[in-house]
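To start, the structure itself, in structure tokens.
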Amino acid sequence: PDIKVFDDPDAEVFAVARWLIARIAEGFAPDELGIFVRSNSEIERAQMALVRGALEGVLLDLGGRMAKGRVSVSTMHLAKGLEFRGVAVMACDDEVIPSQARIDAIVDIADLEDVYSTERHLLYVACTRARDQLLVTGVQPASEFLLDLR
């Protein structure tokens with residue numbers, strides 16, 4: 001994977017937009033590209049990458065309906081079973097993945113390992129949706145899970 005960490009969300013959005021445009025220039029069809037984020041809270045960042053790249057996208061729902069000529073955007077939770085030639089996994093920031101809300105909700109410290117395991121698996125599933133090209137991005141401070149991908 002190509003892993004990039006940025007100083008701010010705008011720099012990340014521009015980089016993902018450039019990456020998408022470069023893939024299309026290489027012959028990828030827009031519907032062969034997907035963008036995944038940890039949760040609905042980060043969907044806007046993914047959509048901004050499409051806007052900056054002047055690309056059309058489709059927000060996948062539980063039905064997972066992709067659209068011809070459009071880049072698919074979704075949360076990592078809906079990634080399972082999908083495949084794209086190119087995938088950008090965005091917003092891999094500290095406190096986003098693993099989810100700080102899930103960590104804060106832990107009552108028994110023994111459950112922490114389970115939370116980390118399921119969060120790591122979620123990132124893994126999103127990353128393995130890419131057949132040919134994978135870009136993983138985040139903003140400083142980035143997720144500790146990015147170290148696992150290097």
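Here, A, B, ... name the chains of the structure tokens in the order displayed, residue numbers run from 1 inside each chain, and ligands are numbered from 1 in the same displayed order.
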Margin query: With only C-alpha atoms as the counted atoms, please give the residues lying no more than 8 Å from region 85-102 of chain A, apart from itself and same-chain residues fewer than 5 positions off, as JSON, numbers by chain.
Written below: {"A": [16, 23, 28, 32, 33, 34, 35, 36, 37, 38, 42, 45, 46, 115, 116, 119, 120, 123, 126, 127, 129, 130, 131, 132, 133, 134, 135, 136, 137, 138, 139, 140, 141, 142, 143, 144, 145, 146]}
Produce a file of the selected residues containing N, CA and C atoms, as a short mmCIF file (atom, residue, chain, number, x, y, z; two decimals), in the first residue's frame.
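This is the output file selection38.cif:
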data_model
loop_
_atom_site.label_atom_id
_atom_site.label_comp_id
_atom_site.auth_asym_id
_atom_site.auth_seq_id
_atom_site.Cartn_x
_atom_site.Cartn_y
_atom_site.Cartn_z
N VAL A 16 -5.87 12.76 -2.06
CA VAL A 16 -6.75 11.68 -2.51
C VAL A 16 -7.38 12.05 -3.86
N ARG A 23 -5.36 7.66 -11.21
CA ARG A 23 -5.82 6.31 -11.54
C ARG A 23 -6.69 6.35 -12.81
N PHE A 28 -8.20 3.46 -15.29
CA PHE A 28 -9.22 2.96 -14.37
C PHE A 28 -10.53 3.69 -14.67
N GLU A 32 -14.47 1.67 -10.94
CA GLU A 32 -13.49 0.70 -10.47
C GLU A 32 -12.71 1.22 -9.26
N LEU A 33 -13.17 2.38 -8.75
CA LEU A 33 -12.50 3.03 -7.63
C LEU A 33 -13.45 3.15 -6.45
N GLY A 34 -12.89 2.98 -5.25
CA GLY A 34 -13.69 3.13 -4.04
C GLY A 34 -12.93 3.91 -2.99
N ILE A 35 -13.67 4.61 -2.16
CA ILE A 35 -13.11 5.32 -1.01
C ILE A 35 -13.83 4.81 0.23
N PHE A 36 -13.05 4.40 1.22
CA PHE A 36 -13.62 3.93 2.48
C PHE A 36 -13.12 4.76 3.64
N VAL A 37 -14.01 5.01 4.59
CA VAL A 37 -13.68 5.71 5.83
C VAL A 37 -14.25 4.91 7.00
N ARG A 38 -13.76 5.20 8.21
CA ARG A 38 -14.14 4.43 9.40
C ARG A 38 -15.63 4.51 9.71
N GLU A 42 -16.75 10.60 8.92
CA GLU A 42 -15.67 10.94 7.98
C GLU A 42 -16.12 10.94 6.52
N ARG A 45 -15.29 14.00 4.34
CA ARG A 45 -13.91 14.11 3.83
C ARG A 45 -13.77 13.36 2.51
N ALA A 46 -14.33 12.17 2.44
CA ALA A 46 -14.27 11.38 1.21
C ALA A 46 -15.01 12.09 0.08
N VAL A 115 -11.64 -4.83 21.33
CA VAL A 115 -11.90 -3.60 20.57
C VAL A 115 -10.79 -3.36 19.57
N TYR A 116 -9.54 -3.46 20.01
CA TYR A 116 -8.41 -3.26 19.10
C TYR A 116 -8.43 -4.28 17.97
N GLU A 119 -11.29 -3.40 15.50
CA GLU A 119 -10.97 -2.18 14.77
C GLU A 119 -9.87 -2.44 13.72
N ARG A 120 -8.87 -3.22 14.10
CA ARG A 120 -7.79 -3.57 13.17
C ARG A 120 -8.36 -4.40 12.01
N LEU A 123 -10.13 -2.18 9.44
CA LEU A 123 -9.18 -1.54 8.52
C LEU A 123 -8.66 -2.56 7.50
N ALA A 126 -11.21 -3.18 4.74
CA ALA A 126 -11.27 -2.06 3.79
C ALA A 126 -10.07 -2.09 2.85
N CYS A 127 -8.90 -2.34 3.39
CA CYS A 127 -7.68 -2.35 2.57
C CYS A 127 -7.66 -3.50 1.56
N ARG A 129 -9.99 -4.62 -0.15
CA ARG A 129 -10.96 -4.44 -1.24
C ARG A 129 -10.24 -4.01 -2.51
N ALA A 130 -8.98 -3.61 -2.39
CA ALA A 130 -8.20 -3.12 -3.54
C ALA A 130 -7.53 -4.28 -4.25
N ARG A 131 -7.77 -4.37 -5.55
CA ARG A 131 -7.14 -5.41 -6.35
C ARG A 131 -5.78 -4.99 -6.87
N ASP A 132 -5.65 -3.75 -7.35
CA ASP A 132 -4.42 -3.30 -8.00
C ASP A 132 -3.69 -2.18 -7.26
N GLN A 133 -4.43 -1.22 -6.75
CA GLN A 133 -3.82 -0.03 -6.13
C GLN A 133 -4.52 0.28 -4.81
N LEU A 134 -3.71 0.59 -3.79
CA LEU A 134 -4.24 0.94 -2.47
C LEU A 134 -3.53 2.17 -1.94
N LEU A 135 -4.31 3.17 -1.56
CA LEU A 135 -3.81 4.37 -0.89
C LEU A 135 -4.46 4.43 0.48
N VAL A 136 -3.65 4.57 1.52
CA VAL A 136 -4.15 4.70 2.88
C VAL A 136 -3.66 6.04 3.40
N THR A 137 -4.61 6.88 3.86
CA THR A 137 -4.24 8.22 4.30
C THR A 137 -4.80 8.53 5.68
N GLY A 138 -4.17 9.50 6.30
CA GLY A 138 -4.63 9.99 7.59
C GLY A 138 -4.03 11.35 7.84
N VAL A 139 -4.46 11.95 8.94
CA VAL A 139 -3.98 13.25 9.36
C VAL A 139 -3.27 13.08 10.69
N GLN A 140 -2.18 13.85 10.88
CA GLN A 140 -1.42 13.78 12.12
C GLN A 140 -2.28 14.16 13.32
N PRO A 141 -2.23 13.47 14.41
CA PRO A 141 -1.51 12.22 14.59
C PRO A 141 -2.29 11.08 13.93
N ALA A 142 -1.58 10.24 13.21
CA ALA A 142 -2.21 9.16 12.46
C ALA A 142 -2.48 7.96 13.37
N SER A 143 -3.33 7.08 12.89
CA SER A 143 -3.65 5.85 13.62
C SER A 143 -2.40 5.00 13.82
N GLU A 144 -2.30 4.45 14.98
CA GLU A 144 -1.20 3.51 15.27
C GLU A 144 -1.27 2.28 14.35
N PHE A 145 -2.44 1.99 13.80
CA PHE A 145 -2.59 0.83 12.94
C PHE A 145 -1.84 0.99 11.62
N LEU A 146 -1.51 2.21 11.23
CA LEU A 146 -0.76 2.41 9.98
C LEU A 146 0.63 1.80 10.07
#
Notebook entry, point to check: Out of A:Asp31, A:Glu83, A:Glu44, A:Asp2, which residue has the shortest atom-to-atom distance to Trp19 (chain A) when counting only C-alpha atoms?
Noted result: A:Asp2
Can you list, as a compact mmCIF listing (two decimals) with N, CA, C and O atoms, in the first residue's frame, every residue of region 36-142 of chain A that DSSP puts in alpha helix (DSSP H)?
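Output file out-v5.txt follows:
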# COMPACT_ATOMS: atom_id res chain seq x y z
N ILE A 43 -17.37 10.61 6.26
CA ILE A 43 -17.87 10.54 4.87
C ILE A 43 -17.66 11.86 4.14
O ILE A 43 -17.29 11.89 2.97
N GLU A 44 -17.87 12.97 4.82
CA GLU A 44 -17.72 14.28 4.17
C GLU A 44 -16.31 14.48 3.63
O GLU A 44 -16.14 15.04 2.54
N ARG A 45 -15.29 14.00 4.34
CA ARG A 45 -13.91 14.11 3.83
C ARG A 45 -13.77 13.36 2.51
O ARG A 45 -13.14 13.84 1.57
N ALA A 46 -14.33 12.17 2.44
CA ALA A 46 -14.27 11.38 1.21
C ALA A 46 -15.01 12.09 0.08
O ALA A 46 -14.52 12.16 -1.06
N GLN A 47 -16.16 12.63 0.38
CA GLN A 47 -16.92 13.33 -0.65
C GLN A 47 -16.21 14.59 -1.12
O GLN A 47 -16.28 14.95 -2.29
N MET A 48 -15.49 15.25 -0.22
CA MET A 48 -14.72 16.44 -0.61
C MET A 48 -13.60 16.07 -1.59
O MET A 48 -13.28 16.85 -2.49
N ALA A 49 -13.03 14.88 -1.44
CA ALA A 49 -12.00 14.43 -2.39
C ALA A 49 -12.60 14.31 -3.79
O ALA A 49 -11.95 14.65 -4.78
N LEU A 50 -13.83 13.84 -3.87
CA LEU A 50 -14.50 13.75 -5.16
C LEU A 50 -14.75 15.13 -5.74
O LEU A 50 -14.52 15.37 -6.93
N VAL A 51 -15.22 16.04 -4.90
CA VAL A 51 -15.48 17.41 -5.35
C VAL A 51 -14.20 18.04 -5.87
O VAL A 51 -14.18 18.62 -6.95
N ARG A 52 -13.12 17.91 -5.11
CA ARG A 52 -11.85 18.51 -5.51
C ARG A 52 -11.30 17.89 -6.79
O ARG A 52 -10.59 18.52 -7.55
N GLN A 100 -12.11 6.10 19.25
CA GLN A 100 -11.95 6.53 20.64
C GLN A 100 -13.25 6.33 21.42
O GLN A 100 -13.22 5.99 22.61
N ALA A 101 -14.37 6.48 20.76
CA ALA A 101 -15.66 6.27 21.43
C ALA A 101 -15.80 4.83 21.90
O ALA A 101 -16.29 4.57 23.00
N ARG A 102 -15.36 3.89 21.08
CA ARG A 102 -15.42 2.48 21.49
C ARG A 102 -14.48 2.21 22.65
O ARG A 102 -14.80 1.47 23.58
N ILE A 103 -13.30 2.81 22.62
CA ILE A 103 -12.33 2.62 23.70
C ILE A 103 -12.87 3.23 24.99
O ILE A 103 -12.79 2.62 26.06
N ASP A 104 -13.45 4.43 24.89
CA ASP A 104 -14.00 5.09 26.08
C ASP A 104 -15.16 4.34 26.69
O ASP A 104 -15.41 4.45 27.90
N LEU A 112 -10.51 -4.40 26.05
CA LEU A 112 -9.71 -3.53 25.20
C LEU A 112 -9.08 -4.29 24.04
O LEU A 112 -9.07 -3.82 22.90
N GLU A 113 -8.58 -5.47 24.30
CA GLU A 113 -7.98 -6.28 23.25
C GLU A 113 -8.98 -6.62 22.16
O GLU A 113 -8.66 -6.60 20.97
N ASP A 114 -10.22 -6.92 22.56
CA ASP A 114 -11.27 -7.22 21.58
C ASP A 114 -11.57 -6.00 20.71
O ASP A 114 -11.74 -6.12 19.49
N VAL A 115 -11.64 -4.83 21.33
CA VAL A 115 -11.90 -3.60 20.57
C VAL A 115 -10.79 -3.36 19.57
O VAL A 115 -11.04 -3.11 18.39
N TYR A 116 -9.54 -3.46 20.01
CA TYR A 116 -8.41 -3.26 19.10
C TYR A 116 -8.43 -4.28 17.97
O TYR A 116 -8.16 -3.95 16.82
N SER A 117 -8.76 -5.50 18.30
CA SER A 117 -8.79 -6.55 17.29
C SER A 117 -9.86 -6.29 16.23
O SER A 117 -9.60 -6.41 15.03
N THR A 118 -11.05 -5.93 16.67
CA THR A 118 -12.13 -5.69 15.69
C THR A 118 -11.87 -4.43 14.88
O THR A 118 -12.16 -4.39 13.68
N GLU A 119 -11.29 -3.40 15.50
CA GLU A 119 -10.97 -2.18 14.77
C GLU A 119 -9.87 -2.44 13.72
O GLU A 119 -9.93 -1.96 12.60
N ARG A 120 -8.87 -3.22 14.10
CA ARG A 120 -7.79 -3.57 13.17
C ARG A 120 -8.36 -4.40 12.01
O ARG A 120 -8.00 -4.20 10.85
N HIS A 121 -9.27 -5.31 12.32
CA HIS A 121 -9.90 -6.14 11.29
C HIS A 121 -10.71 -5.28 10.32
O HIS A 121 -10.71 -5.52 9.11
N LEU A 122 -11.39 -4.27 10.85
CA LEU A 122 -12.17 -3.36 10.02
C LEU A 122 -11.28 -2.66 8.99
O LEU A 122 -11.61 -2.60 7.80
N LEU A 123 -10.13 -2.18 9.44
CA LEU A 123 -9.18 -1.54 8.52
C LEU A 123 -8.66 -2.56 7.50
O LEU A 123 -8.57 -2.25 6.31
N TYR A 124 -8.35 -3.74 7.96
CA TYR A 124 -7.85 -4.80 7.07
C TYR A 124 -8.87 -5.11 5.97
O TYR A 124 -8.51 -5.21 4.80
N VAL A 125 -10.12 -5.24 6.34
CA VAL A 125 -11.16 -5.54 5.34
C VAL A 125 -11.23 -4.44 4.30
O VAL A 125 -11.29 -4.71 3.10
N ALA A 126 -11.21 -3.18 4.74
CA ALA A 126 -11.27 -2.06 3.79
C ALA A 126 -10.07 -2.09 2.85
O ALA A 126 -10.22 -1.90 1.64
N CYS A 127 -8.90 -2.34 3.39
CA CYS A 127 -7.68 -2.35 2.57
C CYS A 127 -7.66 -3.50 1.56
O CYS A 127 -7.13 -3.34 0.46
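Among the candidates A:Val58, A:Leu147, A:Glu12, A:Thr128, the residue lying nearest to Gly81 (chain A) is A:Thr128 (atoms considered: only C-alpha atoms).
Residue nearest Arg18 (chain A) within the list A:Ile3, A:Met76, A:Met66, A:Ala54: A:Ala54 [criterion: smallest interatomic distance, only C-alpha atoms].
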Next item on the list: Using DSSP on the backbone coordinates, identify all residues within region 14-145 of chain A classified as strand (DSSP E or B); present the result as a ChimeraX atom specification.
Entry: /A:33-37,57-59,71-75,84-89,93,130-139,142
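CA of Ser39 (chain A) sits 24.1 Å away from CA of Ile21 (chain A).
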